[in-house]
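Worksheet: one structure, shown below.
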Amino acid sequence: MSFAEPETYGDAPAPARPFFGRPRTRTAAAAACVVLGLGLIGGAVTGSWLTGDDTDAPGSRGAFAAAGELWHSVPVDQLFPPTVRGDGAGPGGSDRVWTRIAVAPDTGCANAFDPLLRKALAPVGCLRLLRATYVDATLSHVTTVGLLFTKADAAAMTALKARFGQEGLDRRTDLMPRTYPAKGTPAEDFGAAQRASWTESVLTDAPVVVFAVSGFADGRTVTAPQPAADAMKPEATTAPAQAGLGHEAQGLADRVERSLRKTVTPATEKPS
């Protein structure tokens, strides 16, 4: 299964020279150096992603560009695996397993976010939005995780990340991501009033915003949602914190982000 294509929006090489005798040896050596050099460059690109390097050093530019194309070239099972293991992701280091129960059609962002969050994200634009909803092993908690692929360059992503951090935009309840409920699943009643905990991460080594929002699978209303960073604190006593919903949102978002980073590796490899 792959995501659909987006809607439409507003020097020739020199001929080879024959080589004879000893120059061929020198040519072979030069070719070996070129191959080695390309390997080192490719390793640098891949390494910057796998280590989560947030800089836009020359070695990471290829990965940044490749990541922006993944939404239409990579199967959904790679971006949102059917089953996600969260070893040590629960409260007290307990393990978690999430099962995907719904995948939203890839869309734009016109009606995908609440108005204030849409305004906050406007500086980086919206190329495509991908979302999936998961349920935990006990069928008690549901979590929607999303990947917003933006139109921005590294500088714009860095600026947005700085703004989110300085103004605490990722902690405001009026800037929570929307859920993706799906009929006939445990997330059928997972709407705006059921949002309990959430996390939002603006990447600077890719034109992507990763987010997740969690709630109870029984459809209960949550009157005091809490950002995952607060709900995960040992001393937190709110309902989302006691239920481990901060861990659900953060744990799943982290692993989907890791999956994205691993997926970019073959995307930056060139055929020999």
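If you're wondering about the labels, chains in the structure tokens are A, B, ... by order shown, residues count from 1 in each chain, ligands from 1 in order shown.
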DSSP-assigned strand (DSSP E) members of range 81-212 of chain A, reported as a PyMOL selection string: chain A and resi 83-86+96-103+128-136+141-149+197-202+208-212
Please tabulate, as CSV, the residues of range 118-187 of chain A that come within 9 Å of range 212-230 of chain A, each with its closest pair of atoms and the distance in Å to one decimal, counting only C-alpha atoms and ordering rows by chain, then residue number upward.
```
residue,atom,partner,partner_atom,distance
A:Val135,CA,A:Ala217,CA,7.9
A:Leu139,CA,A:Ala217,CA,6.8
A:Ser140,CA,A:Ala217,CA,5.1
A:His141,CA,A:Phe216,CA,4.6
A:Val142,CA,A:Ala217,CA,5.5
A:Thr143,CA,A:Ser214,CA,4.1
A:Thr144,CA,A:Val213,CA,5.4
A:Val145,CA,A:Ala212,CA,4.1
A:Gly146,CA,A:Ala212,CA,6.2
A:Asp170,CA,A:Pro227,CA,7.6
A:Arg171,CA,A:Pro227,CA,5.5
A:Arg172,CA,A:Pro227,CA,7.8
A:Thr173,CA,A:Pro225,CA,7.0
A:Met176,CA,A:Val213,CA,7.6
A:Pro177,CA,A:Val213,CA,6.5
A:Arg178,CA,A:Val213,CA,7.4
A:Thr179,CA,A:Val213,CA,6.6
A:Pro186,CA,A:Ala217,CA,5.6
A:Ala187,CA,A:Ala217,CA,6.0
```
Keeping only all heavy atoms, write those residues as a CSV table (one decimal), in the first residue's frame.
```csv
chain,number,residue,atom,x,y,z
A,135,VAL,N,-4.0,1.1,18.8
A,135,VAL,CA,-4.6,0.7,20.1
A,135,VAL,C,-3.5,0.0,20.9
A,135,VAL,O,-2.7,-0.7,20.3
A,135,VAL,CB,-5.9,-0.1,19.9
A,135,VAL,CG1,-5.5,-1.4,19.3
A,135,VAL,CG2,-6.6,-0.3,21.2
A,139,LEU,N,-6.3,-2.8,24.7
A,139,LEU,CA,-7.5,-2.2,24.1
A,139,LEU,C,-8.1,-1.1,24.9
A,139,LEU,O,-9.3,-0.8,24.8
A,139,LEU,CB,-8.6,-3.2,23.7
A,139,LEU,CG,-8.2,-4.4,22.9
A,139,LEU,CD1,-9.4,-5.3,22.6
A,139,LEU,CD2,-7.5,-3.9,21.6
A,140,SER,N,-7.3,-0.5,25.8
A,140,SER,CA,-7.8,0.5,26.7
A,140,SER,C,-7.4,1.9,26.2
A,140,SER,O,-8.2,2.9,26.5
A,140,SER,CB,-7.1,0.4,28.1
A,140,SER,OG,-7.4,-0.9,28.7
A,141,HIS,N,-6.4,2.1,25.5
A,141,HIS,CA,-5.9,3.4,25.0
A,141,HIS,C,-5.8,3.4,23.5
A,141,HIS,O,-5.4,2.4,22.9
A,141,HIS,CB,-4.5,3.7,25.6
A,141,HIS,CG,-4.5,3.6,27.1
A,141,HIS,ND1,-3.4,3.1,27.8
A,141,HIS,CD2,-5.5,3.9,28.1
A,141,HIS,CE1,-3.7,3.2,29.1
A,141,HIS,NE2,-4.9,3.6,29.3
A,142,VAL,N,-6.1,4.6,22.9
A,142,VAL,CA,-6.0,4.8,21.5
A,142,VAL,C,-5.1,6.0,21.3
A,142,VAL,O,-5.1,7.0,22.0
A,142,VAL,CB,-7.3,4.9,20.8
A,142,VAL,CG1,-8.0,3.6,20.7
A,142,VAL,CG2,-8.2,6.0,21.5
A,143,THR,N,-4.3,6.0,20.2
A,143,THR,CA,-3.4,7.0,19.9
A,143,THR,C,-3.3,7.3,18.4
A,143,THR,O,-3.1,6.3,17.6
A,143,THR,CB,-1.9,6.7,20.4
A,143,THR,OG1,-2.0,6.4,21.8
A,143,THR,CG2,-1.0,7.9,20.2
A,144,THR,N,-3.5,8.5,18.0
A,144,THR,CA,-3.3,8.9,16.6
A,144,THR,C,-1.9,9.5,16.5
A,144,THR,O,-1.5,10.4,17.3
A,144,THR,CB,-4.4,9.9,16.2
A,144,THR,OG1,-5.6,9.3,16.1
A,144,THR,CG2,-4.0,10.5,14.8
A,145,VAL,N,-1.1,9.0,15.5
A,145,VAL,CA,0.2,9.6,15.3
A,145,VAL,C,0.2,10.1,13.9
A,145,VAL,O,-0.4,9.5,13.0
A,145,VAL,CB,1.3,8.5,15.5
A,145,VAL,CG1,1.1,7.3,14.5
A,145,VAL,CG2,2.7,9.0,15.3
A,146,GLY,N,0.9,11.2,13.7
A,146,GLY,CA,0.9,11.9,12.4
A,146,GLY,C,2.3,12.3,11.9
A,146,GLY,O,3.2,12.6,12.7
A,170,ASP,N,4.0,23.7,22.0
A,170,ASP,CA,3.7,22.2,22.1
A,170,ASP,C,3.1,21.8,23.4
A,170,ASP,O,2.8,20.7,23.6
A,170,ASP,CB,5.0,21.4,21.8
A,170,ASP,CG,6.1,21.8,22.8
A,170,ASP,OD1,6.0,22.8,23.4
A,170,ASP,OD2,7.1,21.0,22.9
A,171,ARG,N,2.8,22.8,24.3
A,171,ARG,CA,2.3,22.5,25.6
A,171,ARG,C,0.9,23.2,25.8
A,171,ARG,O,0.3,23.0,26.9
A,171,ARG,CB,3.2,23.0,26.7
A,171,ARG,CG,4.6,22.4,26.6
A,171,ARG,CD,5.6,23.0,27.6
A,171,ARG,NE,5.4,22.5,28.9
A,171,ARG,CZ,6.1,21.4,29.3
A,171,ARG,NH1,6.9,20.8,28.5
A,171,ARG,NH2,5.9,21.0,30.5
A,172,ARG,N,0.4,23.9,24.8
A,172,ARG,CA,-0.8,24.6,24.9
A,172,ARG,C,-2.0,23.7,24.5
A,172,ARG,O,-2.0,23.0,23.4
A,172,ARG,CB,-0.8,25.8,24.0
A,172,ARG,CG,0.0,26.9,24.6
A,172,ARG,CD,0.2,28.1,23.7
A,172,ARG,NE,-1.1,28.5,23.0
A,172,ARG,CZ,-1.3,29.6,22.3
A,172,ARG,NH1,-0.2,30.5,22.2
A,172,ARG,NH2,-2.4,29.9,21.8
A,173,THR,N,-3.0,23.6,25.3
A,173,THR,CA,-4.2,22.7,25.0
A,173,THR,C,-5.0,23.2,23.8
A,173,THR,O,-5.7,22.4,23.2
A,173,THR,CB,-5.1,22.7,26.2
A,173,THR,OG1,-5.5,24.0,26.6
A,173,THR,CG2,-4.4,22.0,27.4
A,176,MET,N,-3.5,21.4,20.5
A,176,MET,CA,-3.4,19.9,20.4
A,176,MET,C,-3.7,19.5,19.0
A,176,MET,O,-4.6,20.0,18.3
A,176,MET,CB,-4.4,19.3,21.3
A,176,MET,CG,-4.0,19.3,22.8
A,176,MET,SD,-5.0,18.2,23.8
A,176,MET,CE,-6.6,19.1,23.7
A,177,PRO,N,-3.1,18.4,18.5
A,177,PRO,CA,-3.4,17.8,17.2
A,177,PRO,C,-4.8,17.2,17.3
A,177,PRO,O,-5.3,16.8,18.4
A,177,PRO,CB,-2.3,16.7,17.0
A,177,PRO,CG,-1.3,17.0,18.0
A,177,PRO,CD,-2.0,17.7,19.2
A,178,ARG,N,-5.4,17.0,16.1
A,178,ARG,CA,-6.7,16.3,16.1
A,178,ARG,C,-6.5,14.8,16.0
A,178,ARG,O,-5.5,14.3,15.6
A,178,ARG,CB,-7.5,16.8,14.8
A,178,ARG,CG,-8.1,18.1,15.0
A,178,ARG,CD,-8.9,18.5,13.8
A,178,ARG,NE,-9.6,19.8,13.9
A,178,ARG,CZ,-10.3,20.4,13.0
A,178,ARG,NH1,-10.4,19.8,11.8
A,178,ARG,NH2,-10.9,21.6,13.2
A,179,THR,N,-7.5,14.1,16.5
A,179,THR,CA,-7.5,12.6,16.4
A,179,THR,C,-7.9,12.1,15.1
A,179,THR,O,-8.5,12.9,14.3
A,179,THR,CB,-8.4,12.1,17.5
A,179,THR,OG1,-9.8,12.4,17.1
A,179,THR,CG2,-8.1,12.6,18.9
A,186,PRO,N,-11.7,0.4,17.9
A,186,PRO,CA,-11.7,0.9,19.3
A,186,PRO,C,-11.6,2.4,19.3
A,186,PRO,O,-11.8,3.1,20.4
A,186,PRO,CB,-10.5,0.2,19.9
A,186,PRO,CG,-10.4,-1.0,19.2
A,186,PRO,CD,-10.7,-0.7,17.8
A,187,ALA,N,-11.2,3.1,18.2
A,187,ALA,CA,-11.1,4.5,18.2
A,187,ALA,C,-12.3,5.2,17.6
A,187,ALA,O,-12.2,6.4,17.3
A,187,ALA,CB,-9.8,4.9,17.3
```
Given only C-alpha atoms as the basis, pick out the residue of A:Thr204, A:Val209, A:Trp71, A:Ala120 nearest to Glu167 in chain A.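 Of the candidates, the smallest distance to Glu167 in chain A is held by A:Ala120.
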Between A:Asp114, A:Glu248, A:Glu235, A:Asp205, which residue has the minimum interatomic distance to Ala192 in chain A, considering only C-alpha atoms? A:Asp114
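You can rank A:Pro75, A:Pro91, A:Gly184, A:Gly251 by their closest distance to Thr199 in chain A using only C-alpha atoms, and at the top of that list sits A:Gly251.
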Counting only C-alpha atoms, the residue of A:Arg61, A:Pro82, A:Leu127, A:Gly90 that sits nearest Lys233 in chain A: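 Of A:Arg61, A:Pro82, A:Leu127, A:Gly90, the one nearest Lys233 in chain A, counting only C-alpha atoms, is A:Gly90.
Using only C-alpha atoms, the shortest contact distance between Pro81 in chain A and any of A:Ala110, A:Val208, A:Ile101, A:Ala63 is found at A:Ile101.
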As a ChimeraX atom specification, please: every residue in range 77-233 of chain A that DSSP puts in alpha helix (DSSP H). /A:77-79,115-121,154-167,228-231
Selected residues written out, N, CA, C and O atoms, as an mmCIF file, in the first residue's frame:
```cif
data_model
loop_
_atom_site.group_PDB
_atom_site.id
_atom_site.type_symbol
_atom_site.label_atom_id
_atom_site.label_comp_id
_atom_site.auth_asym_id
_atom_site.auth_seq_id
_atom_site.Cartn_x
_atom_site.Cartn_y
_atom_site.Cartn_z
ATOM 1 N N ASP A 77 3.239 0.653 5.407
ATOM 2 C CA ASP A 77 3.703 -0.225 6.479
ATOM 3 C C ASP A 77 5.096 0.132 6.969
ATOM 4 O O ASP A 77 5.493 -0.289 8.062
ATOM 5 N N GLN A 78 5.860 0.876 6.179
ATOM 6 C CA GLN A 78 7.171 1.311 6.631
ATOM 7 C C GLN A 78 7.075 2.577 7.478
ATOM 8 O O GLN A 78 7.822 2.733 8.444
ATOM 9 N N LEU A 79 6.174 3.462 7.113
ATOM 10 C CA LEU A 79 6.020 4.688 7.896
ATOM 11 C C LEU A 79 5.201 4.448 9.159
ATOM 12 O O LEU A 79 5.512 4.982 10.225
ATOM 13 N N PRO A 115 -7.879 25.475 14.223
ATOM 14 C CA PRO A 115 -7.433 26.730 13.595
ATOM 15 C C PRO A 115 -6.133 27.312 14.146
ATOM 16 O O PRO A 115 -5.279 27.755 13.371
ATOM 17 N N LEU A 116 -5.953 27.316 15.462
ATOM 18 C CA LEU A 116 -4.752 27.925 16.025
ATOM 19 C C LEU A 116 -3.499 27.117 15.697
ATOM 20 O O LEU A 116 -2.430 27.682 15.431
ATOM 21 N N LEU A 117 -3.597 25.801 15.713
ATOM 22 C CA LEU A 117 -2.441 24.978 15.364
ATOM 23 C C LEU A 117 -2.122 25.133 13.879
ATOM 24 O O LEU A 117 -0.948 25.200 13.483
ATOM 25 N N ARG A 118 -3.154 25.186 13.056
ATOM 26 C CA ARG A 118 -2.934 25.406 11.627
ATOM 27 C C ARG A 118 -2.198 26.723 11.393
ATOM 28 O O ARG A 118 -1.293 26.810 10.556
ATOM 29 N N LYS A 119 -2.564 27.759 12.145
ATOM 30 C CA LYS A 119 -1.899 29.057 12.018
ATOM 31 C C LYS A 119 -0.445 28.977 12.482
ATOM 32 O O LYS A 119 0.452 29.566 11.865
ATOM 33 N N ALA A 120 -0.203 28.236 13.555
ATOM 34 C CA ALA A 120 1.160 28.109 14.074
ATOM 35 C C ALA A 120 2.071 27.377 13.089
ATOM 36 O O ALA A 120 3.275 27.667 13.004
ATOM 37 N N LEU A 121 1.508 26.422 12.354
ATOM 38 C CA LEU A 121 2.293 25.633 11.405
ATOM 39 C C LEU A 121 2.388 26.282 10.024
ATOM 40 O O LEU A 121 3.166 25.824 9.175
ATOM 41 N N ALA A 154 15.517 23.779 5.583
ATOM 42 C CA ALA A 154 16.037 23.536 6.929
ATOM 43 C C ALA A 154 15.983 24.784 7.805
ATOM 44 O O ALA A 154 15.708 24.699 9.006
ATOM 45 N N ALA A 155 16.232 25.949 7.213
ATOM 46 C CA ALA A 155 16.214 27.188 8.002
ATOM 47 C C ALA A 155 14.822 27.467 8.560
ATOM 48 O O ALA A 155 14.671 27.857 9.728
ATOM 49 N N ALA A 156 13.799 27.252 7.735
ATOM 50 C CA ALA A 156 12.430 27.494 8.189
ATOM 51 C C ALA A 156 12.028 26.494 9.265
ATOM 52 O O ALA A 156 11.337 26.844 10.235
ATOM 53 N N MET A 157 12.446 25.236 9.119
ATOM 54 C CA MET A 157 12.131 24.232 10.139
ATOM 55 C C MET A 157 12.828 24.570 11.459
ATOM 56 O O MET A 157 12.254 24.414 12.546
ATOM 57 N N THR A 158 14.065 25.034 11.363
ATOM 58 C CA THR A 158 14.805 25.415 12.569
ATOM 59 C C THR A 158 14.121 26.586 13.268
ATOM 60 O O THR A 158 14.009 26.621 14.502
ATOM 61 N N ALA A 159 13.644 27.546 12.487
ATOM 62 C CA ALA A 159 12.960 28.699 13.062
ATOM 63 C C ALA A 159 11.666 28.280 13.757
ATOM 64 O O ALA A 159 11.339 28.768 14.843
ATOM 65 N N LEU A 160 10.921 27.358 13.128
ATOM 66 C CA LEU A 160 9.671 26.908 13.737
ATOM 67 C C LEU A 160 9.941 26.132 15.024
ATOM 68 O O LEU A 160 9.235 26.314 16.018
ATOM 69 N N LYS A 161 10.952 25.292 15.014
ATOM 70 C CA LYS A 161 11.299 24.539 16.220
ATOM 71 C C LYS A 161 11.661 25.482 17.363
ATOM 72 O O LYS A 161 11.236 25.282 18.510
ATOM 73 N N ALA A 162 12.421 26.529 17.025
ATOM 74 C CA ALA A 162 12.803 27.503 18.048
ATOM 75 C C ALA A 162 11.572 28.207 18.610
ATOM 76 O O ALA A 162 11.458 28.417 19.824
ATOM 77 N N ARG A 163 10.639 28.547 17.746
ATOM 78 C CA ARG A 163 9.430 29.227 18.209
ATOM 79 C C ARG A 163 8.598 28.319 19.105
ATOM 80 O O ARG A 163 8.083 28.747 20.141
ATOM 81 N N PHE A 164 8.452 27.054 18.700
ATOM 82 C CA PHE A 164 7.694 26.116 19.533
ATOM 83 C C PHE A 164 8.319 26.013 20.919
ATOM 84 O O PHE A 164 7.604 25.961 21.933
ATOM 85 N N GLY A 165 9.655 25.974 20.974
ATOM 86 C CA GLY A 165 10.326 25.862 22.260
ATOM 87 C C GLY A 165 10.234 27.126 23.091
ATOM 88 O O GLY A 165 9.929 27.081 24.286
ATOM 89 N N GLN A 166 10.479 28.272 22.478
ATOM 90 C CA GLN A 166 10.479 29.541 23.205
ATOM 91 C C GLN A 166 9.093 29.931 23.702
ATOM 92 O O GLN A 166 8.943 30.483 24.802
ATOM 93 N N GLU A 167 8.062 29.650 22.902
ATOM 94 C CA GLU A 167 6.708 30.057 23.269
ATOM 95 C C GLU A 167 5.891 28.913 23.880
ATOM 96 O O GLU A 167 4.733 29.123 24.247
ATOM 97 N N ALA A 228 2.398 15.408 26.984
ATOM 98 C CA ALA A 228 3.080 14.170 27.363
ATOM 99 C C ALA A 228 4.283 14.426 28.263
ATOM 100 O O ALA A 228 4.531 13.667 29.202
ATOM 101 N N ALA A 229 5.017 15.502 27.989
ATOM 102 C CA ALA A 229 6.207 15.786 28.797
ATOM 103 C C ALA A 229 5.859 15.963 30.266
ATOM 104 O O ALA A 229 6.634 15.571 31.158
ATOM 105 N N ASP A 230 4.681 16.530 30.562
ATOM 106 C CA ASP A 230 4.252 16.698 31.956
ATOM 107 C C ASP A 230 3.607 15.433 32.500
ATOM 108 O O ASP A 230 3.812 15.072 33.665
ATOM 109 N N ALA A 231 2.815 14.769 31.670
ATOM 110 C CA ALA A 231 2.124 13.566 32.118
ATOM 111 C C ALA A 231 3.082 12.426 32.428
ATOM 112 O O ALA A 231 2.734 11.507 33.171
#
```
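In this model, the gap between CA of Val256 in chain A and CA of Ala122 in chain A comes to 23.1 Å.
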Residue neighbourhood Thr99 in chain A, 8 Å, only C-alpha atoms, exclusion window fewer than 3 positions, as a ChimeraX atom specification: /A:82-84,134-137
